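**Student:** Provided below: coords28.tsv, containing TSV, C-alpha atoms.
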```tsv
chain	number	residue	atom	x	y	z
A	1	MET	CA	10.70	-23.44	-22.44
A	2	ALA	CA	11.66	-21.01	-19.70
A	3	SER	CA	12.81	-17.61	-20.90
A	4	ILE	CA	14.94	-14.92	-19.27
A	5	LEU	CA	14.89	-11.26	-20.22
A	6	LYS	CA	17.98	-9.24	-19.30
A	7	VAL	CA	17.18	-5.57	-19.09
A	8	ASP	CA	17.92	-2.53	-16.92
A	9	ASP	CA	14.91	-0.42	-17.75
A	10	LEU	CA	11.33	-1.50	-18.34
A	11	ARG	CA	9.01	0.99	-20.08
A	12	GLY	CA	5.63	0.82	-21.69
A	13	ASN	CA	5.65	0.95	-25.49
A	14	THR	CA	2.63	3.21	-26.01
A	15	ALA	CA	3.19	5.19	-22.79
A	16	ALA	CA	6.44	4.84	-20.84
A	17	GLY	CA	4.66	4.79	-17.49
A	18	ASN	CA	2.11	2.12	-18.36
A	19	ILE	CA	3.05	-1.56	-18.54
A	20	THR	CA	0.11	-3.97	-18.55
A	21	ILE	CA	0.21	-7.41	-16.96
A	22	THR	CA	-2.41	-10.14	-17.35
A	23	SER	CA	-4.26	-11.34	-14.25
A	24	GLU	CA	-3.66	-14.73	-12.64
A	25	GLY	CA	-7.09	-15.86	-13.80
A	26	GLY	CA	-6.53	-14.50	-17.30
A	27	ALA	CA	-9.76	-12.50	-17.35
A	28	ALA	CA	-8.35	-9.04	-16.69
A	29	THR	CA	-5.31	-6.85	-17.06
A	30	MET	CA	-3.84	-4.32	-14.66
A	31	GLN	CA	-1.22	-1.61	-14.75
A	32	LEU	CA	1.99	-2.94	-13.25
A	33	GLN	CA	3.13	0.43	-11.95
A	34	GLN	CA	0.01	0.92	-9.83
A	35	GLY	CA	0.49	-2.36	-7.99
A	36	VAL	CA	4.11	-1.92	-7.00
A	37	ALA	CA	5.09	-0.57	-3.58
A	38	LYS	CA	6.87	2.75	-4.10
A	39	ALA	CA	8.73	2.74	-0.79
A	40	TRP	CA	9.16	0.49	2.23
A	41	GLY	CA	11.38	0.32	5.24
A	42	GLN	CA	12.08	-1.41	8.53
A	43	LEU	CA	13.21	0.95	11.24
A	44	SER	CA	14.89	0.31	14.57
A	45	ALA	CA	12.83	2.89	16.40
A	46	THR	CA	14.23	3.10	19.92
A	47	GLY	CA	17.23	5.15	21.03
A	48	THR	CA	19.19	6.29	17.98
A	49	ILE	CA	16.93	5.19	15.16
A	50	SER	CA	18.23	3.54	11.99
A	51	LEU	CA	16.81	1.99	8.85
A	52	ASN	CA	17.59	-1.73	8.94
A	53	ASP	CA	16.55	-2.12	5.31
A	54	SER	CA	14.56	0.02	2.95
A	55	PHE	CA	13.63	0.93	-0.58
A	56	ASN	CA	13.23	4.53	-1.79
A	57	ASN	CA	13.63	5.78	1.79
A	58	SER	CA	16.72	7.99	2.01
A	59	ALA	CA	16.47	8.73	5.71
A	60	ALA	CA	14.30	8.43	8.78
A	61	THR	CA	13.95	11.12	11.41
A	62	ASP	CA	13.05	10.74	15.10
A	63	VAL	CA	10.61	13.63	15.41
A	64	GLY	CA	9.70	12.86	19.02
A	65	THR	CA	8.51	9.99	21.19
A	66	GLY	CA	6.69	7.57	18.91
A	67	ILE	CA	6.81	9.92	15.91
A	68	PHE	CA	8.90	8.97	12.90
A	69	GLU	CA	9.31	10.64	9.53
A	70	PHE	CA	10.52	8.89	6.38
A	71	ASN	CA	12.13	10.79	3.50
A	72	PHE	CA	11.62	9.49	-0.03
A	73	THR	CA	14.56	9.33	-2.45
A	74	ASN	CA	12.27	9.65	-5.46
A	75	SER	CA	9.30	11.88	-4.70
A	76	MET	CA	5.66	10.94	-4.96
A	77	ASN	CA	3.41	12.66	-7.48
A	78	ASN	CA	1.08	14.00	-4.75
A	79	ASP	CA	0.39	13.62	-1.02
A	80	ASP	CA	-2.62	11.34	-1.48
A	81	PHE	CA	-0.62	8.11	-1.31
A	82	CYS	CA	-1.55	5.06	0.75
A	83	ILE	CA	0.60	4.02	3.75
A	84	GLN	CA	0.59	0.88	5.85
A	85	ALA	CA	2.67	0.92	9.01
A	86	ASN	CA	3.05	-1.46	11.91
A	87	GLY	CA	4.91	-1.20	15.19
A	88	SER	CA	4.48	-2.74	18.61
A	89	SER	CA	1.33	-0.75	19.30
A	90	GLN	CA	-1.32	1.20	17.47
A	91	ILE	CA	-0.16	3.16	14.46
A	92	GLN	CA	-1.66	6.37	13.22
A	93	ILE	CA	-0.81	8.02	9.96
A	94	THR	CA	-0.66	11.70	10.63
A	95	SER	CA	-2.97	14.11	8.91
A	96	SER	CA	-2.30	15.35	5.43
A	97	THR	CA	-0.50	18.36	6.89
A	98	ASN	CA	2.31	15.98	7.77
A	99	LEU	CA	2.33	14.14	4.47
A	100	SER	CA	4.14	15.59	1.48
A	101	THR	CA	5.47	14.36	-1.83
A	102	SER	CA	8.87	13.81	-0.20
A	103	THR	CA	8.02	12.65	3.34
A	104	CYS	CA	5.54	10.65	5.35
A	105	ARG	CA	5.10	10.59	9.08
A	106	VAL	CA	3.73	7.83	11.31
A	107	LEU	CA	2.88	7.76	15.02
A	108	ASN	CA	3.17	4.74	17.25
A	109	ARG	CA	0.75	4.84	20.19
A	110	ASP	CA	0.17	2.55	23.14
A	111	GLN	CA	-3.21	1.16	24.19
A	112	SER	CA	-3.88	4.35	26.15
A	113	ASN	CA	-3.37	6.32	22.94
A	114	SER	CA	-0.12	7.86	24.21
A	115	ALA	CA	2.90	8.18	21.92
A	116	GLU	CA	5.35	5.35	22.45
A	117	ASP	CA	8.65	4.29	20.86
A	118	THR	CA	8.80	0.81	19.38
A	119	THR	CA	11.61	-1.66	18.79
A	120	ILE	CA	10.71	-2.18	15.14
A	121	LEU	CA	8.50	-0.08	12.89
A	122	SER	CA	7.75	-1.06	9.30
A	123	ASN	CA	6.05	0.92	6.58
A	124	SER	CA	4.98	0.49	2.96
A	125	VAL	CA	3.81	3.16	0.51
A	126	LYS	CA	1.58	2.76	-2.55
A	127	GLY	CA	0.63	5.53	-4.94
A	128	ASP	CA	2.00	7.47	-7.87
A	129	LEU	CA	5.66	8.40	-8.23
A	130	ALA	CA	6.39	11.82	-9.69
B	1	MET	CA	1.58	-0.45	-31.92
B	2	ALA	CA	0.97	-2.46	-28.76
B	3	SER	CA	3.56	-5.13	-28.05
B	4	GLU	CA	3.51	-8.26	-25.92
B	5	LEU	CA	6.47	-9.92	-24.25
B	6	ARG	CA	6.24	-13.41	-22.77
B	7	VAL	CA	8.96	-14.18	-20.26
B	8	ASN	CA	9.57	-16.22	-17.10
B	9	THR	CA	12.39	-14.27	-15.45
B	10	LEU	CA	13.70	-10.71	-15.47
B	11	LYS	CA	17.37	-9.86	-14.91
B	12	ASP	CA	19.36	-6.69	-15.20
B	13	ALA	CA	21.53	-6.25	-18.29
B	14	SER	CA	24.52	-7.72	-16.45
B	15	GLY	CA	22.56	-10.90	-15.79
B	16	ASN	CA	22.20	-10.19	-12.06
B	17	ASN	CA	19.29	-9.37	-9.72
B	18	SER	CA	17.03	-12.06	-11.11
B	19	ILE	CA	13.34	-11.84	-10.32
B	20	GLY	CA	10.74	-14.38	-11.37
B	21	MET	CA	7.56	-13.11	-12.96
B	22	SER	CA	5.56	-14.62	-10.09
B	23	TYR	CA	6.99	-11.85	-7.90
B	24	VAL	CA	6.01	-9.24	-10.43
B	25	PHE	CA	2.48	-10.60	-10.61
B	26	ASN	CA	2.14	-10.65	-6.83
B	27	THR	CA	1.88	-6.89	-6.64
B	28	ASN	CA	-0.89	-5.10	-4.76
B	29	LYS	CA	-4.16	-5.56	-6.62
B	30	ALA	CA	-6.02	-2.71	-4.95
B	31	TRP	CA	-5.16	0.05	-2.47
B	32	CYS	CA	-6.49	3.34	-1.19
B	33	ARG	CA	-6.36	6.10	1.37
B	34	PHE	CA	-9.81	7.43	2.15
B	35	ASN	CA	-11.68	9.86	4.34
B	36	GLY	CA	-14.42	8.04	6.25
B	37	THR	CA	-15.93	11.14	7.83
B	38	GLY	CA	-19.03	12.73	6.32
B	39	THR	CA	-19.55	11.37	2.81
B	40	PRO	CA	-16.75	8.80	2.38
B	41	ALA	CA	-14.29	9.77	-0.36
B	42	TYR	CA	-10.91	8.66	-1.64
B	43	HIS	CA	-7.74	10.68	-1.34
B	44	ASP	CA	-6.34	8.26	-3.93
B	45	SER	CA	-7.06	4.68	-4.93
B	46	PHE	CA	-6.29	1.90	-7.38
B	47	ASN	CA	-8.75	-0.74	-8.66
B	48	LEU	CA	-11.48	0.41	-6.26
B	49	GLY	CA	-14.83	1.95	-7.21
B	50	SER	CA	-17.82	3.20	-5.31
B	51	ILE	CA	-17.84	3.37	-1.50
B	52	THR	CA	-20.94	2.24	0.39
B	53	ASP	CA	-21.41	3.82	3.82
B	54	ASN	CA	-22.96	1.07	5.97
B	55	GLY	CA	-23.09	3.30	9.03
B	56	THR	CA	-20.55	4.63	11.50
B	57	GLY	CA	-17.11	3.12	10.84
B	58	ASN	CA	-18.44	0.50	8.41
B	59	TYR	CA	-17.79	0.65	4.65
B	60	ASN	CA	-17.87	-1.52	1.56
B	61	PHE	CA	-15.57	-0.77	-1.37
B	62	ALA	CA	-16.35	-2.07	-4.86
B	63	ILE	CA	-13.38	-3.81	-6.51
B	64	THR	CA	-13.33	-2.60	-10.11
B	65	SER	CA	-11.48	-5.54	-11.65
B	66	ALA	CA	-12.67	-8.50	-9.57
B	67	MET	CA	-10.53	-10.91	-7.58
B	68	LEU	CA	-10.37	-14.59	-8.54
B	69	ASN	CA	-11.70	-15.72	-5.14
B	70	ASP	CA	-12.35	-14.31	-1.67
B	71	ASP	CA	-9.17	-15.78	-0.18
B	72	TYR	CA	-7.10	-12.64	-0.75
B	73	ALA	CA	-5.13	-10.79	1.92
B	74	LYS	CA	-6.53	-7.48	3.09
B	75	VAL	CA	-4.02	-5.46	5.10
B	76	ASP	CA	-4.98	-2.23	6.82
B	77	GLY	CA	-2.86	0.71	7.79
B	78	GLY	CA	-2.83	-0.08	11.50
B	79	GLY	CA	-4.28	2.15	14.16
B	80	HIS	CA	-8.02	2.43	14.40
B	81	TYR	CA	-9.09	-0.67	12.58
B	82	ASP	CA	-9.88	-3.40	11.30
B	83	GLU	CA	-11.30	-6.87	11.53
B	84	GLN	CA	-11.05	-9.68	9.04
B	85	SER	CA	-14.56	-9.45	7.74
B	86	SER	CA	-17.01	-12.03	6.48
B	87	GLY	CA	-18.25	-9.26	4.18
B	88	ASP	CA	-15.37	-9.64	1.71
B	89	THR	CA	-16.24	-10.99	-1.75
B	90	THR	CA	-14.48	-11.14	-5.11
B	91	SER	CA	-16.00	-7.76	-6.03
B	92	SER	CA	-16.27	-5.96	-2.69
B	93	VAL	CA	-14.13	-5.49	0.39
B	94	GLN	CA	-15.44	-4.42	3.80
B	95	ILE	CA	-13.56	-2.22	6.25
B	96	LYS	CA	-14.60	-1.37	9.81
B	97	THR	CA	-12.83	1.31	11.82
B	98	TYR	CA	-12.83	1.34	15.61
B	99	SER	CA	-11.89	3.76	18.34
B	100	ALA	CA	-9.52	2.84	21.16
B	101	ALA	CA	-12.64	1.98	23.15
B	102	VAL	CA	-13.49	-0.59	20.44
B	103	ALA	CA	-16.52	1.34	19.24
B	104	LEU	CA	-17.18	1.86	15.55
B	105	ALA	CA	-16.03	5.34	14.57
B	106	ASP	CA	-15.33	7.38	11.42
B	107	TYR	CA	-11.78	8.55	10.64
B	108	ASP	CA	-9.82	10.31	7.92
B	109	ASN	CA	-6.62	8.87	6.40
B	110	VAL	CA	-7.71	5.23	6.57
B	111	THR	CA	-5.68	2.95	4.29
B	112	PHE	CA	-5.72	-0.68	3.18
B	113	VAL	CA	-4.29	-2.86	0.44
B	114	VAL	CA	-5.55	-6.05	-1.23
B	115	VAL	CA	-3.06	-8.72	-2.31
B	116	GLY	CA	-4.09	-11.90	-4.09
B	117	ASP	CA	-5.15	-13.20	-7.49
B	118	LEU	CA	-7.17	-11.18	-9.97
B	119	ALA	CA	-9.91	-12.99	-11.89
```
If you took the structure in this file and wrote it as structure tokens, what would it be?
**Tutor:**
Amino acid sequence: MASILKVDDLRGNTAAGNITITSEGGAATMQLQQGVAKAWGQLSATGTISLNDSFNNSAATDVGTGIFEFNFTNSMNNDDFCIQANGSSQIQITSSTNLSTSTCRVLNRDQSNSAEDTTILSNSVKGDLA
Amino acid sequence: MASELRVNTLKDASGNNSIGMSYVFNTNKAWCRFNGTGTPAYHDSFNLGSITDNGTGNYNFAITSAMLNDDYAKVDGGGHYDEQSSGDTTSSVQIKTYSAAVALADYDNVTFVVVGDLA
């Protein structure tokens, strides 16, 4: 019989930040929190930029041509998080000097490796929340 | 004491915002940001173990808790890399990083995620 759980807040029993789920094949378990994206967003990244939709991104800033900075609503635990980003061209994640627990910065570059604005830029962040 | 809850669907306490458990299970099964220059090393990672340096811009990453099959999705961070590699197995994923001139090259701040079924 199908079951539905109505709840606002999920926490681990032994440790609040550790909920275990069983693998699809049934042979392993993994920590749910580690697998969940901590932030994502789709940005209209030409002219006056705007977030079309997002999660845990409070704002996006047009730093310069092809350079965009995302601000997290809830901060990350450190600046070692993992980012995927895609635009119309090559994407580079800037060096750790431009990553912080509250922001991440991505660069969109054309095939000549020059900074370029893009119609749509998407990003996704994995890692540890504070 | 450890507890176990078996459920098909999650909703908020008002009965809204329903999400099936299949969406919960389809989380990222492995991810990392690593430095591929010098001796390869993680900035941070999940469900990934030792890194094998196969040469310039060519790495294998051990998957700690293995995947069910090799049909998983491997998504890179854009930019310098990657190619869908024949070197991916249930316990290892291969990443190659290229320069703009399409030559293998080492970089820092390389990221990828693995999405699929765990064994």
**Student:** Enumerate as a ChimeraX atom specification the residues belonging to chain B that approach chain A to within 7 Å, with all atoms listed in the file taken into account.
**Tutor:** /B:2-3,7-13,15,27-29,31-33,43-44,46,65,68,76-79,109,111,117-119
**Student:** Quick one: distance from CA of Gln94 in chain B to CA of Asp106 in chain B in Å, one decimal?
**Tutor:**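 Between CA of Gln94 in chain B and CA of Asp106 in chain B the gap is 14.0 Å.
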**Student:** Can you pull out every residue within 9 Å of Ala30 in chain B, counting only C-alpha atoms, but drop anything in the same chain fewer than 6 positions away, and send it as a ChimeraX atom specification?
**Tutor:** /A:34-35 /B:45-48,63-64,112-115
**Student:** Excluding same-chain residues fewer than 5 positions from Thr119 in chain A, what lies within 7 Å of it counting all atoms listed in the file, as a PyMOL selection string?
**Tutor:** chain A and resi 44-46
**Student:** Quick check, in Å to one decimal: how far apart do CA of Ala62 in chain B and CA of Cys104 in chain A lie?
**Tutor:**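 CA of Ala62 in chain B sits 27.3 Å away from CA of Cys104 in chain A.
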**Student:** Quick check, in Å to one decimal: how far apart do CA of Val93 in chain B and CA of Gly116 in chain B lie?
**Tutor:**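 If I compute the distance from CA of Val93 in chain B to CA of Gly116 in chain B, I get 12.7 Å.
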**Student:** If you count only C-alpha atoms, which residues fall within 8 Å of Asn52 in chain A, apart from same-chain ones fewer than 4 positions away, as a list in words?
**Tutor:**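 The neighbour list is Gly41, Gln42, Leu43 and Ser44 of chain A.
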**Student:** Next, write the just-selected residues to a file, as a JSON list (two decimals), keeping the file's coordinate frame, keeping C-alpha atoms as the atom set.
**Tutor:**
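And here is the file that came out, part.json:
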```
[["chain", "number", "residue", "atom", "x", "y", "z"],
["A", 41, "GLY", "CA", 11.38, 0.32, 5.24],
["A", 42, "GLN", "CA", 12.08, -1.41, 8.53],
["A", 43, "LEU", "CA", 13.21, 0.95, 11.24],
["A", 44, "SER", "CA", 14.89, 0.31, 14.57]]
```
